[in-house]
Amino acid sequence: MKLRKVTAATAVVLALAVSATACGKDDKKDGGSSGGKKIKIGIKFDQPGLGQKTPQGYTGFDVDVATYVAKELGYNADQIEWKESKSMDRETMLQRGDVDFIAATYSINDEREKKVDFAGPYLLAHQDVLVRADDNSIKSPEDLNSKKLCSVTGSTSAQNVHDKLAPKANLQEYPTYSACLTGLQNKAIDALTTDDSILAGYASQAAFKGKFKLGGLKMTNENYGIGVKKGSDLKAKINTALEKMVADKSWQQAVDKNLGPANYKNEPAPKIGNIVK
Amino acid sequence: MFDFLDHYDLLGAFWTTVQLTVLSAIGSLIWGTVLAAMRVGPVPVMRGFGAAYVNIVRNTPLTVIILFTSLGLNQTLGISLGATNFDIINFRLAILGLTAYTAAFVCEALRAGINTVPVGQAEAARALGLSFPQVLSLVVLPQAFRSVVGPLTNVLIALTKNTTVAAAIGVAEAALLMKKMIENEAQLLLISAVIAFGFVCLTLPTGLILGWVGKKVAVKR
C-alpha cells in the first residue's frame, strides 16, 4: 500500500509541475512585435558565415542583417532574443508566433509564400560547388555528371542535382555540410554542392582557409528573404530597413566581413520585391 | 489534402525500408547466434570477446555506428564493399551497421533463452558423449529459440524503426523521403503522420503474427 501512495504522490507532483510550466510559457508571451521589450528573431545556429552560435555570441551575415533591421524597428542589440530556426521548423515557428521574423538562409518560393510572407529579398545566392583548391576539372554543370558530389539529406540542392542539374552524378547525402567536408578532404568526394553563400561561409572558416574554393557555376537562383507571419505589418517596415541598409553601405560591409575571405563574389544587393527566378 | 503524395515514390521508399529490415534481420540473427554461442562457450577468450563486443556495441548510439560505416570505413579508409555508386555502397554499409548493432541485442535475448533450458538437459547430453557444438545445436538452441520468439519480435520491431537512421548516410528509405517532402511541401504534421502510419503498417502485423507464432512454438514446461 505504501508503494501505491508514493506513486500517487509522484503523479500529482508531476502533473503540477507540467501544468505550472505550461502556465509559465503563457505568461511570458506578453510582448508582440509592438510595445514589448524584446524582439525574437529566428536564425540558423550552425552555418558559419551566415548564422552561427559561438561562445562569443552570434555571428554571420544573416545575424548582421537581422540586427540592423531590429535597430530600425526600434530594438537595440541587447533587446534581441535569438532563436534557432531549423529549415523544417521555419513556417511553423512564424505561424505560432514563436519568433517575430526569420532571417535564416530562407529562400523565397511559391510553396512557402502560401504559408508565410517574405520581406526582401536581401541576398541573391546561386547553387554552386565547393572543390579542393587544386581541382580545376569542374567548369560547367555538365562536368558534374562524372563526379562524386555531396549535399545535405533531402535538401533542395540535393534534389536539384538529382532531378535537373546532373542526374548521372554520384550523390552522397549527409545530415550536415561538415560531414561532407571529411570526404572532400580525403578525396572520397569531388565537390560539395549547395548555395554559394553557405559554401563561402564554410570555406571562410579558419580551419579550412586556402584548402577549398568555389566553382562559380551559378546553377540556380536562390532569393533569400526575411520571413514574417502571413499578413504581418512588419513586412513593409523590414523592407524599408533593408533599403536603408543597402543605401548606407552597411549591407556591402556585412557581406565582405562574413563571406569575403572565401573569395566570394557577391551579386549586387537585390531590389526589394524583385525575385529572380 | 493528400494529393502532394503523387509526386513521391512512397512505396519505393518503404520497399527500401523493408529490404533493409529483412536483410539486417537475417544478418543479425546469424551473427547474434554466433555471439551467444561464444558467450556461453567453454573458451575464455571467446567469452571475453563476446562480452566485450556486446557491451561496446549495445552502448554505442546507432547513429554513431551508421555514420562511422560511411565516414570512417568508406570516406576515410576507402572500403566500398564492391560497388562504385554511392546509392549501393550506402545501402550495404547501412546493412553492415544495422547488423552489427542489432546482433548485440539478438545475442542477449538468445542467452536469456538458453538460461530457460534446464541445466540437466545439457548435462545429460554431455553424459551421452556429445561435444559442445552438438550440445548447443542439437539440444539447447532449438529449445532456446522457441522460448525467445517474443523478445526477438521486440528486437525486430525496434530494427524496423531503426532503419530510419540509415537516412543519415543517404540511403533512400522512408525517413529520407520524409525529409525531402518536408523540405518541399511545408506540411510538417501531415507528412510525419503519413510516414508514421507507414511504419505502423509494417510493425503491427509483425508483432501480431510473431506473437501468434511465439505462442504456437513455446515449450510447455
# chains A, B, ... in the order shown; residues from 1 in each chain; ligands from 1

$ residues_around --residues "Ala203 (chain A)" --least-positions-apart "6" --cutoff "9 Å" --atoms "only C-alpha atoms" --output "list in words"
Pro48, Leu130, Lys209, Gly210, Lys211, Phe212, Lys213, Leu214, Leu259, Pro261 and Ala262 of chain A

$ write_last_selection --atoms "all heavy atoms" --output "mmCIF file, in the first residue's frame"
data_model
loop_
_atom_site.group_PDB
_atom_site.id
_atom_site.type_symbol
_atom_site.label_atom_id
_atom_site.label_comp_id
_atom_site.auth_asym_id
_atom_site.auth_seq_id
_atom_site.Cartn_x
_atom_site.Cartn_y
_atom_site.Cartn_z
ATOM 1 N N PRO A 48 28.327 28.663 -40.529
ATOM 2 C CA PRO A 48 29.384 29.659 -40.439
ATOM 3 C C PRO A 48 29.251 30.678 -41.560
ATOM 4 O O PRO A 48 28.944 30.327 -42.689
ATOM 5 C CB PRO A 48 30.668 28.845 -40.583
ATOM 6 C CG PRO A 48 30.256 27.518 -41.107
ATOM 7 C CD PRO A 48 28.856 27.300 -40.648
ATOM 8 N N LEU A 130 31.696 23.507 -54.099
ATOM 9 C CA LEU A 130 32.938 23.786 -53.395
ATOM 10 C C LEU A 130 33.888 22.639 -53.717
ATOM 11 O O LEU A 130 33.538 21.469 -53.535
ATOM 12 C CB LEU A 130 32.686 23.859 -51.886
ATOM 13 C CG LEU A 130 33.848 24.349 -51.027
ATOM 14 C CD1 LEU A 130 34.041 25.835 -51.216
ATOM 15 C CD2 LEU A 130 33.599 24.050 -49.552
ATOM 16 N N LYS A 209 40.926 27.480 -44.359
ATOM 17 C CA LYS A 209 41.375 28.580 -45.220
ATOM 18 C C LYS A 209 42.400 28.089 -46.234
ATOM 19 O O LYS A 209 43.375 27.441 -45.898
ATOM 20 C CB LYS A 209 41.962 29.696 -44.350
ATOM 21 C CG LYS A 209 41.742 31.064 -44.957
ATOM 22 C CD LYS A 209 41.823 32.151 -43.900
ATOM 23 C CE LYS A 209 40.443 32.580 -43.439
ATOM 24 N NZ LYS A 209 40.471 33.633 -42.451
ATOM 25 N N GLY A 210 42.177 28.385 -47.523
ATOM 26 C CA GLY A 210 43.132 28.012 -48.567
ATOM 27 C C GLY A 210 42.978 26.590 -49.071
ATOM 28 O O GLY A 210 43.604 26.211 -50.052
ATOM 29 N N LYS A 211 42.142 25.764 -48.409
ATOM 30 C CA LYS A 211 42.026 24.367 -48.836
ATOM 31 C C LYS A 211 40.967 24.174 -49.917
ATOM 32 O O LYS A 211 41.086 23.292 -50.743
ATOM 33 C CB LYS A 211 41.658 23.485 -47.638
ATOM 34 C CG LYS A 211 42.828 23.249 -46.711
ATOM 35 C CD LYS A 211 42.490 22.169 -45.693
ATOM 36 C CE LYS A 211 43.670 21.942 -44.768
ATOM 37 N NZ LYS A 211 43.257 21.470 -43.453
ATOM 38 N N PHE A 212 39.908 24.976 -49.862
ATOM 39 C CA PHE A 212 38.794 24.803 -50.799
ATOM 40 C C PHE A 212 38.545 26.100 -51.559
ATOM 41 O O PHE A 212 38.913 27.177 -51.126
ATOM 42 C CB PHE A 212 37.515 24.425 -50.046
ATOM 43 C CG PHE A 212 37.662 23.205 -49.183
ATOM 44 C CD1 PHE A 212 37.382 23.266 -47.828
ATOM 45 C CD2 PHE A 212 38.093 22.006 -49.726
ATOM 46 C CE1 PHE A 212 37.525 22.141 -47.027
ATOM 47 C CE2 PHE A 212 38.223 20.880 -48.934
ATOM 48 C CZ PHE A 212 37.943 20.946 -47.581
ATOM 49 N N LYS A 213 37.875 25.964 -52.707
ATOM 50 C CA LYS A 213 37.468 27.168 -53.446
ATOM 51 C C LYS A 213 36.104 26.935 -54.086
ATOM 52 O O LYS A 213 35.673 25.789 -54.273
ATOM 53 C CB LYS A 213 38.507 27.503 -54.509
ATOM 54 C CG LYS A 213 38.584 26.435 -55.575
ATOM 55 C CD LYS A 213 39.522 26.813 -56.693
ATOM 56 C CE LYS A 213 39.480 25.745 -57.775
ATOM 57 N NZ LYS A 213 40.473 25.877 -58.801
ATOM 58 N N LEU A 214 35.455 28.049 -54.449
ATOM 59 C CA LEU A 214 34.138 27.966 -55.088
ATOM 60 C C LEU A 214 34.303 27.731 -56.586
ATOM 61 O O LEU A 214 35.239 28.230 -57.205
ATOM 62 C CB LEU A 214 33.368 29.267 -54.861
ATOM 63 C CG LEU A 214 32.890 29.519 -53.425
ATOM 64 C CD1 LEU A 214 32.362 30.922 -53.288
ATOM 65 C CD2 LEU A 214 31.825 28.512 -53.055
ATOM 66 N N LEU A 259 31.570 36.892 -45.643
ATOM 67 C CA LEU A 259 31.761 35.921 -46.722
ATOM 68 C C LEU A 259 32.984 36.240 -47.561
ATOM 69 O O LEU A 259 33.394 35.451 -48.412
ATOM 70 C CB LEU A 259 30.514 35.893 -47.619
ATOM 71 C CG LEU A 259 29.208 35.622 -46.876
ATOM 72 C CD1 LEU A 259 28.014 35.781 -47.803
ATOM 73 C CD2 LEU A 259 29.206 34.221 -46.286
ATOM 74 N N PRO A 261 36.366 36.341 -47.066
ATOM 75 C CA PRO A 261 37.619 35.582 -47.070
ATOM 76 C C PRO A 261 37.642 34.413 -48.049
ATOM 77 O O PRO A 261 38.713 33.938 -48.403
ATOM 78 C CB PRO A 261 37.735 35.079 -45.624
ATOM 79 C CG PRO A 261 36.929 36.032 -44.828
ATOM 80 C CD PRO A 261 35.812 36.473 -45.716
ATOM 81 N N ALA A 262 36.486 33.927 -48.496
ATOM 82 C CA ALA A 262 36.481 32.772 -49.402
ATOM 83 C C ALA A 262 36.534 33.202 -50.856
ATOM 84 O O ALA A 262 36.305 32.407 -51.754
ATOM 85 C CB ALA A 262 35.236 31.940 -49.171
#

$ residues_around --residues "Pro142 (chain B)" --least-positions-apart "4" --cutoff "12 Å" --atoms "only C-alpha atoms" --output "ChimeraX atom specification"
/B:33,110,113-114,116-117,134-138,146-149,217-219

$ write_last_selection --atoms "all heavy atoms" --output "compact mmCIF listing (two decimals), in the first residue's frame"
# COMPACT_ATOMS: atom_id res chain seq x y z
N THR B 33 23.55 -15.21 -33.09
CA THR B 33 23.62 -16.61 -32.61
C THR B 33 25.08 -17.00 -32.35
O THR B 33 25.39 -17.62 -31.33
CB THR B 33 23.00 -17.56 -33.65
OG1 THR B 33 21.71 -17.05 -34.01
CG2 THR B 33 22.88 -18.96 -33.09
N LEU B 110 18.90 -14.24 -26.87
CA LEU B 110 19.14 -15.67 -27.04
C LEU B 110 19.77 -16.27 -25.78
O LEU B 110 19.46 -17.40 -25.38
CB LEU B 110 20.06 -15.87 -28.24
CG LEU B 110 19.88 -17.15 -29.04
CD1 LEU B 110 18.42 -17.36 -29.37
CD2 LEU B 110 20.70 -17.07 -30.31
N GLY B 113 17.27 -17.00 -23.41
CA GLY B 113 16.57 -18.22 -23.80
C GLY B 113 17.33 -19.47 -23.41
O GLY B 113 16.73 -20.45 -22.96
N ILE B 114 18.64 -19.41 -23.56
CA ILE B 114 19.47 -20.56 -23.19
C ILE B 114 19.31 -20.86 -21.70
O ILE B 114 19.28 -22.01 -21.28
CB ILE B 114 20.94 -20.29 -23.57
CG1 ILE B 114 21.09 -20.33 -25.10
CG2 ILE B 114 21.88 -21.31 -22.93
CD1 ILE B 114 22.43 -19.90 -25.61
N THR B 116 16.73 -20.62 -20.00
CA THR B 116 15.46 -21.25 -19.65
C THR B 116 15.52 -22.77 -19.83
O THR B 116 14.63 -23.48 -19.36
CB THR B 116 14.30 -20.73 -20.54
OG1 THR B 116 14.55 -21.13 -21.88
CG2 THR B 116 14.15 -19.24 -20.45
N VAL B 117 16.54 -23.25 -20.56
CA VAL B 117 16.67 -24.70 -20.75
C VAL B 117 17.29 -25.30 -19.48
O VAL B 117 18.38 -24.89 -19.09
CB VAL B 117 17.54 -25.02 -21.97
CG1 VAL B 117 17.64 -26.52 -22.18
CG2 VAL B 117 16.97 -24.34 -23.21
N GLN B 134 27.64 -29.90 -30.48
CA GLN B 134 26.47 -30.77 -30.60
C GLN B 134 25.45 -30.49 -29.51
O GLN B 134 24.24 -30.42 -29.78
CB GLN B 134 26.90 -32.24 -30.54
CG GLN B 134 27.53 -32.71 -31.84
CD GLN B 134 28.08 -34.13 -31.72
OE1 GLN B 134 28.66 -34.49 -30.69
NE2 GLN B 134 27.90 -34.92 -32.76
N VAL B 135 25.94 -30.30 -28.28
CA VAL B 135 25.02 -29.99 -27.17
C VAL B 135 24.23 -28.74 -27.50
O VAL B 135 23.00 -28.67 -27.38
CB VAL B 135 25.80 -29.77 -25.85
CG1 VAL B 135 24.86 -29.30 -24.75
CG2 VAL B 135 26.51 -31.04 -25.44
N LEU B 136 24.97 -27.72 -28.00
CA LEU B 136 24.35 -26.43 -28.28
C LEU B 136 23.36 -26.53 -29.44
O LEU B 136 22.21 -26.08 -29.33
CB LEU B 136 25.44 -25.40 -28.60
CG LEU B 136 25.10 -23.94 -28.34
CD1 LEU B 136 24.79 -23.74 -26.86
CD2 LEU B 136 26.27 -23.06 -28.75
N SER B 137 23.79 -27.15 -30.54
CA SER B 137 22.97 -27.09 -31.75
C SER B 137 21.85 -28.13 -31.73
O SER B 137 20.81 -27.92 -32.35
CB SER B 137 23.84 -27.27 -33.00
OG SER B 137 24.47 -28.55 -32.96
N LEU B 138 22.03 -29.25 -31.04
CA LEU B 138 21.01 -30.30 -31.08
C LEU B 138 20.05 -30.24 -29.89
O LEU B 138 18.87 -30.58 -30.02
CB LEU B 138 21.67 -31.69 -31.11
CG LEU B 138 22.51 -32.00 -32.36
CD1 LEU B 138 23.21 -33.33 -32.21
CD2 LEU B 138 21.64 -31.99 -33.60
N ARG B 146 12.83 -21.35 -29.32
CA ARG B 146 11.38 -21.40 -29.18
C ARG B 146 10.88 -20.54 -28.04
O ARG B 146 9.74 -20.06 -28.06
CB ARG B 146 10.94 -22.85 -28.99
CG ARG B 146 11.13 -23.65 -30.28
CD ARG B 146 10.98 -25.12 -30.03
NE ARG B 146 9.63 -25.47 -29.62
CZ ARG B 146 9.22 -26.73 -29.48
NH1 ARG B 146 10.05 -27.73 -29.71
NH2 ARG B 146 8.00 -26.98 -29.11
N SER B 147 11.73 -20.33 -27.05
CA SER B 147 11.25 -19.53 -25.91
C SER B 147 11.53 -18.04 -26.07
O SER B 147 11.05 -17.23 -25.28
CB SER B 147 11.90 -20.03 -24.62
OG SER B 147 13.29 -19.84 -24.68
N VAL B 148 12.31 -17.65 -27.09
CA VAL B 148 12.63 -16.21 -27.20
C VAL B 148 11.99 -15.57 -28.43
O VAL B 148 12.42 -14.50 -28.85
CB VAL B 148 14.15 -15.95 -27.23
CG1 VAL B 148 14.76 -16.31 -25.91
CG2 VAL B 148 14.82 -16.66 -28.37
N VAL B 149 10.95 -16.20 -29.00
CA VAL B 149 10.28 -15.57 -30.14
C VAL B 149 9.74 -14.19 -29.76
O VAL B 149 9.87 -13.22 -30.51
CB VAL B 149 9.15 -16.48 -30.68
CG1 VAL B 149 8.37 -15.76 -31.76
CG2 VAL B 149 9.74 -17.76 -31.23
N VAL B 217 4.84 -22.14 -30.77
CA VAL B 217 6.06 -22.96 -30.67
C VAL B 217 6.62 -23.05 -29.25
O VAL B 217 7.57 -23.76 -29.02
CB VAL B 217 7.18 -22.44 -31.62
CG1 VAL B 217 6.71 -22.46 -33.04
CG2 VAL B 217 7.63 -21.05 -31.20
N ALA B 218 6.04 -22.28 -28.31
CA ALA B 218 6.61 -22.25 -26.96
C ALA B 218 6.70 -23.65 -26.38
O ALA B 218 5.84 -24.49 -26.60
CB ALA B 218 5.76 -21.36 -26.06
N VAL B 219 7.79 -23.88 -25.63
CA VAL B 219 7.98 -25.19 -24.99
C VAL B 219 7.14 -25.21 -23.72
O VAL B 219 7.30 -24.35 -22.85
CB VAL B 219 9.46 -25.40 -24.64
CG1 VAL B 219 9.66 -26.79 -24.05
CG2 VAL B 219 10.32 -25.21 -25.87

$ interface_residues --of "chain B" --to "chain A" --cutoff "12 Å" --atoms "only C-alpha atoms" --output "ChimeraX atom specification"
/B:4,63,66-68,70-80,83-91,165-189,191-192

$ atom_distance --atom1 "CA of Val43 (chain B)" --atom2 "CA of Arg111 (chain B)"
16.2 Å

$ closest_residue --among "B:Val106, B:Leu190, B:Leu204, B:Leu5" --to "Ile26 (chain B)" --atoms "only C-alpha atoms"
B:Val106

$ select_by_dssp --residues "region 47-93 of chain A" --states "helix (DSSP H, G or I)" --output "list in words"
Phe61, Asp62, Val63, Asp64, Val65, Ala66, Thr67, Tyr68, Val69, Ala70, Lys71, Glu72, Ala77, Asp78, Gln79, Ser87, Met88, Asp89, Arg90, Glu91, Thr92 and Met93 of chain A

$ write_last_selection --atoms "N, CA, C and O atoms" --output "PDB file, in the first residue's frame"
ATOM      1  N   PHE A  61      26.273  36.767 -41.637  1.00  0.00           N
ATOM      2  CA  PHE A  61      25.613  37.774 -42.454  1.00  0.00           C
ATOM      3  C   PHE A  61      24.140  37.923 -42.070  1.00  0.00           C
ATOM      4  O   PHE A  61      23.642  39.040 -41.896  1.00  0.00           O
ATOM      5  N   ASP A  62      23.438  36.789 -41.924  1.00  0.00           N
ATOM      6  CA  ASP A  62      22.025  36.851 -41.522  1.00  0.00           C
ATOM      7  C   ASP A  62      21.875  37.582 -40.189  1.00  0.00           C
ATOM      8  O   ASP A  62      20.931  38.350 -39.985  1.00  0.00           O
ATOM      9  N   VAL A  63      22.810  37.316 -39.270  1.00  0.00           N
ATOM     10  CA  VAL A  63      22.756  37.947 -37.949  1.00  0.00           C
ATOM     11  C   VAL A  63      22.935  39.457 -38.085  1.00  0.00           C
ATOM     12  O   VAL A  63      22.213  40.247 -37.475  1.00  0.00           O
ATOM     13  N   ASP A  64      23.911  39.874 -38.933  1.00  0.00           N
ATOM     14  CA  ASP A  64      24.145  41.309 -39.121  1.00  0.00           C
ATOM     15  C   ASP A  64      22.930  41.981 -39.738  1.00  0.00           C
ATOM     16  O   ASP A  64      22.526  43.074 -39.310  1.00  0.00           O
ATOM     17  N   VAL A  65      22.332  41.346 -40.748  1.00  0.00           N
ATOM     18  CA  VAL A  65      21.143  41.924 -41.382  1.00  0.00           C
ATOM     19  C   VAL A  65      20.019  42.035 -40.352  1.00  0.00           C
ATOM     20  O   VAL A  65      19.373  43.076 -40.218  1.00  0.00           O
ATOM     21  N   ALA A  66      19.799  40.944 -39.584  1.00  0.00           N
ATOM     22  CA  ALA A  66      18.710  40.934 -38.607  1.00  0.00           C
ATOM     23  C   ALA A  66      18.934  42.004 -37.534  1.00  0.00           C
ATOM     24  O   ALA A  66      17.989  42.687 -37.119  1.00  0.00           O
ATOM     25  N   THR A  67      20.197  42.165 -37.100  1.00  0.00           N
ATOM     26  CA  THR A  67      20.492  43.175 -36.085  1.00  0.00           C
ATOM     27  C   THR A  67      20.171  44.572 -36.607  1.00  0.00           C
ATOM     28  O   THR A  67      19.583  45.405 -35.909  1.00  0.00           O
ATOM     29  N   TYR A  68      20.565  44.813 -37.882  1.00  0.00           N
ATOM     30  CA  TYR A  68      20.307  46.129 -38.482  1.00  0.00           C
ATOM     31  C   TYR A  68      18.803  46.392 -38.581  1.00  0.00           C
ATOM     32  O   TYR A  68      18.315  47.458 -38.201  1.00  0.00           O
ATOM     33  N   VAL A  69      18.090  45.375 -39.062  1.00  0.00           N
ATOM     34  CA  VAL A  69      16.638  45.523 -39.203  1.00  0.00           C
ATOM     35  C   VAL A  69      16.003  45.778 -37.831  1.00  0.00           C
ATOM     36  O   VAL A  69      15.145  46.653 -37.682  1.00  0.00           O
ATOM     37  N   ALA A  70      16.441  45.040 -36.823  1.00  0.00           N
ATOM     38  CA  ALA A  70      15.881  45.204 -35.482  1.00  0.00           C
ATOM     39  C   ALA A  70      16.126  46.620 -34.981  1.00  0.00           C
ATOM     40  O   ALA A  70      15.256  47.233 -34.357  1.00  0.00           O
ATOM     41  N   LYS A  71      17.312  47.151 -35.276  1.00  0.00           N
ATOM     42  CA  LYS A  71      17.638  48.512 -34.846  1.00  0.00           C
ATOM     43  C   LYS A  71      16.679  49.512 -35.490  1.00  0.00           C
ATOM     44  O   LYS A  71      16.161  50.420 -34.839  1.00  0.00           O
ATOM     45  N   GLU A  72      16.392  49.304 -36.787  1.00  0.00           N
ATOM     46  CA  GLU A  72      15.472  50.193 -37.490  1.00  0.00           C
ATOM     47  C   GLU A  72      14.053  50.069 -36.941  1.00  0.00           C
ATOM     48  O   GLU A  72      13.260  50.996 -37.001  1.00  0.00           O
ATOM     49  N   ALA A  77      20.662  45.979 -29.798  1.00  0.00           N
ATOM     50  CA  ALA A  77      21.207  44.623 -29.912  1.00  0.00           C
ATOM     51  C   ALA A  77      20.889  43.789 -28.672  1.00  0.00           C
ATOM     52  O   ALA A  77      20.646  42.587 -28.767  1.00  0.00           O
ATOM     53  N   ASP A  78      20.867  44.439 -27.481  1.00  0.00           N
ATOM     54  CA  ASP A  78      20.633  43.646 -26.262  1.00  0.00           C
ATOM     55  C   ASP A  78      19.150  43.359 -26.033  1.00  0.00           C
ATOM     56  O   ASP A  78      18.789  42.673 -25.085  1.00  0.00           O
ATOM     57  N   GLN A  79      18.293  43.883 -26.899  1.00  0.00           N
ATOM     58  CA  GLN A  79      16.864  43.565 -26.772  1.00  0.00           C
ATOM     59  C   GLN A  79      16.443  42.458 -27.722  1.00  0.00           C
ATOM     60  O   GLN A  79      15.273  42.117 -27.833  1.00  0.00           O
ATOM     61  N   SER A  87      15.613  24.466 -40.731  1.00  0.00           N
ATOM     62  CA  SER A  87      14.898  24.608 -42.011  1.00  0.00           C
ATOM     63  C   SER A  87      13.462  24.107 -41.924  1.00  0.00           C
ATOM     64  O   SER A  87      12.538  24.769 -42.376  1.00  0.00           O
ATOM     65  N   MET A  88      13.250  22.925 -41.320  1.00  0.00           N
ATOM     66  CA  MET A  88      11.908  22.348 -41.353  1.00  0.00           C
ATOM     67  C   MET A  88      10.942  23.021 -40.383  1.00  0.00           C
ATOM     68  O   MET A  88       9.743  22.874 -40.513  1.00  0.00           O
ATOM     69  N   ASP A  89      11.462  23.786 -39.431  1.00  0.00           N
ATOM     70  CA  ASP A  89      10.585  24.398 -38.422  1.00  0.00           C
ATOM     71  C   ASP A  89      10.140  25.807 -38.787  1.00  0.00           C
ATOM     72  O   ASP A  89       9.319  26.388 -38.087  1.00  0.00           O
ATOM     73  N   ARG A  90      10.709  26.375 -39.861  1.00  0.00           N
ATOM     74  CA  ARG A  90      10.573  27.819 -40.052  1.00  0.00           C
ATOM     75  C   ARG A  90       9.127  28.277 -40.203  1.00  0.00           C
ATOM     76  O   ARG A  90       8.699  29.227 -39.531  1.00  0.00           O
ATOM     77  N   GLU A  91       8.355  27.609 -41.056  1.00  0.00           N
ATOM     78  CA  GLU A  91       6.971  28.056 -41.267  1.00  0.00           C
ATOM     79  C   GLU A  91       6.174  27.952 -39.962  1.00  0.00           C
ATOM     80  O   GLU A  91       5.443  28.865 -39.590  1.00  0.00           O
ATOM     81  N   THR A  92       6.340  26.822 -39.268  1.00  0.00           N
ATOM     82  CA  THR A  92       5.590  26.601 -38.031  1.00  0.00           C
ATOM     83  C   THR A  92       5.911  27.668 -36.995  1.00  0.00           C
ATOM     84  O   THR A  92       5.022  28.168 -36.304  1.00  0.00           O
ATOM     85  N   MET A  93       7.202  28.008 -36.870  1.00  0.00           N
ATOM     86  CA  MET A  93       7.595  28.996 -35.861  1.00  0.00           C
ATOM     87  C   MET A  93       6.937  30.350 -36.129  1.00  0.00           C
ATOM     88  O   MET A  93       6.507  31.032 -35.204  1.00  0.00           O
TER      89      MET A  93
END

$ select_by_dssp --residues "region 155-243 of chain A" --states "strand (DSSP E)" --output "PDB file with N, CA and C atoms, in the first residue's frame"
ATOM      1  N   ASN A 170      27.181  10.959 -58.995  1.00  0.00           N
ATOM      2  CA  ASN A 170      27.173  10.045 -57.863  1.00  0.00           C
ATOM      3  C   ASN A 170      26.986  10.898 -56.611  1.00  0.00           C
ATOM      4  N   LEU A 171      25.779  10.859 -56.039  1.00  0.00           N
ATOM      5  CA  LEU A 171      25.471  11.819 -54.972  1.00  0.00           C
ATOM      6  C   LEU A 171      25.446  11.165 -53.596  1.00  0.00           C
ATOM      7  N   GLN A 172      26.258  11.679 -52.698  1.00  0.00           N
ATOM      8  CA  GLN A 172      26.262  11.235 -51.301  1.00  0.00           C
ATOM      9  C   GLN A 172      25.503  12.259 -50.473  1.00  0.00           C
ATOM     10  N   GLU A 173      24.587  11.774 -49.607  1.00  0.00           N
ATOM     11  CA  GLU A 173      23.861  12.715 -48.762  1.00  0.00           C
ATOM     12  C   GLU A 173      24.203  12.493 -47.295  1.00  0.00           C
ATOM     13  N   TYR A 174      24.490  13.573 -46.584  1.00  0.00           N
ATOM     14  CA  TYR A 174      24.802  13.532 -45.156  1.00  0.00           C
ATOM     15  C   TYR A 174      23.912  14.513 -44.409  1.00  0.00           C
ATOM     16  N   ALA A 191      33.114  17.202 -54.912  1.00  0.00           N
ATOM     17  CA  ALA A 191      32.553  18.540 -54.745  1.00  0.00           C
ATOM     18  C   ALA A 191      31.388  18.525 -53.769  1.00  0.00           C
ATOM     19  N   LEU A 192      31.282  19.595 -53.012  1.00  0.00           N
ATOM     20  CA  LEU A 192      30.157  19.794 -52.100  1.00  0.00           C
ATOM     21  C   LEU A 192      29.263  20.829 -52.750  1.00  0.00           C
ATOM     22  N   THR A 193      27.957  20.544 -52.850  1.00  0.00           N
ATOM     23  CA  THR A 193      27.102  21.492 -53.569  1.00  0.00           C
ATOM     24  C   THR A 193      25.945  21.994 -52.726  1.00  0.00           C
ATOM     25  N   THR A 194      25.792  23.312 -52.712  1.00  0.00           N
ATOM     26  CA  THR A 194      24.618  23.988 -52.141  1.00  0.00           C
ATOM     27  C   THR A 194      24.741  25.467 -52.512  1.00  0.00           C
ATOM     28  N   ASP A 195      24.019  26.362 -51.825  1.00  0.00           N
ATOM     29  CA  ASP A 195      24.087  27.792 -52.152  1.00  0.00           C
ATOM     30  C   ASP A 195      25.505  28.324 -51.950  1.00  0.00           C
ATOM     31  N   PHE A 212      39.908  24.976 -49.862  1.00  0.00           N
ATOM     32  CA  PHE A 212      38.794  24.803 -50.799  1.00  0.00           C
ATOM     33  C   PHE A 212      38.545  26.100 -51.559  1.00  0.00           C
ATOM     34  N   LYS A 213      37.875  25.964 -52.707  1.00  0.00           N
ATOM     35  CA  LYS A 213      37.468  27.168 -53.446  1.00  0.00           C
ATOM     36  C   LYS A 213      36.104  26.935 -54.086  1.00  0.00           C
ATOM     37  N   LEU A 214      35.455  28.049 -54.449  1.00  0.00           N
ATOM     38  CA  LEU A 214      34.138  27.966 -55.088  1.00  0.00           C
ATOM     39  C   LEU A 214      34.303  27.731 -56.586  1.00  0.00           C
ATOM     40  N   GLU A 222      18.663  31.587 -55.840  1.00  0.00           N
ATOM     41  CA  GLU A 222      18.008  31.492 -54.530  1.00  0.00           C
ATOM     42  C   GLU A 222      17.890  32.908 -53.972  1.00  0.00           C
ATOM     43  N   ASN A 223      16.632  33.352 -53.790  1.00  0.00           N
ATOM     44  CA  ASN A 223      16.404  34.696 -53.255  1.00  0.00           C
ATOM     45  C   ASN A 223      16.148  34.599 -51.765  1.00  0.00           C
ATOM     46  N   TYR A 224      17.116  35.040 -50.964  1.00  0.00           N
ATOM     47  CA  TYR A 224      16.941  34.983 -49.523  1.00  0.00           C
ATOM     48  C   TYR A 224      16.041  36.125 -49.067  1.00  0.00           C
ATOM     49  N   GLY A 225      14.958  35.762 -48.382  1.00  0.00           N
ATOM     50  CA  GLY A 225      14.069  36.782 -47.862  1.00  0.00           C
ATOM     51  C   GLY A 225      13.979  36.687 -46.350  1.00  0.00           C
ATOM     52  N   ILE A 226      13.347  37.685 -45.743  1.00  0.00           N
ATOM     53  CA  ILE A 226      13.095  37.636 -44.307  1.00  0.00           C
ATOM     54  C   ILE A 226      11.646  37.225 -44.116  1.00  0.00           C
ATOM     55  N   GLY A 227      11.434  36.100 -43.471  1.00  0.00           N
ATOM     56  CA  GLY A 227      10.087  35.574 -43.312  1.00  0.00           C
ATOM     57  C   GLY A 227       9.361  36.230 -42.158  1.00  0.00           C
ATOM     58  N   VAL A 228       8.099  36.615 -42.381  1.00  0.00           N
ATOM     59  CA  VAL A 228       7.251  37.126 -41.304  1.00  0.00           C
ATOM     60  C   VAL A 228       5.909  36.399 -41.369  1.00  0.00           C
TER      61      VAL A 228
END

$ atom_distance --atom1 "CA of Val131 (chain A)" --atom2 "CA of Ala254 (chain A)"
24.8 Å

$ closest_residue --among "B:Gly27, B:Gly214, B:Gly12, B:Gly50" --to "Pro151 (chain B)" --atoms "only C-alpha atoms"
B:Gly214

$ atom_distance --atom1 "CA of Ser178 (chain A)" --atom2 "CA of Ala104 (chain A)"
17.8 Å

$ closest_residue --among "B:Ala196, B:Leu93, B:Leu62, B:Ala103" --to "Leu152 (chain B)" --atoms "only C-alpha atoms"
B:Ala103

$ closest_residue --among "A:Ser85, A:Asn136, A:Asn145, A:Asn239" --to "Gly216 (chain A)" --atoms "only C-alpha atoms"
A:Asn136
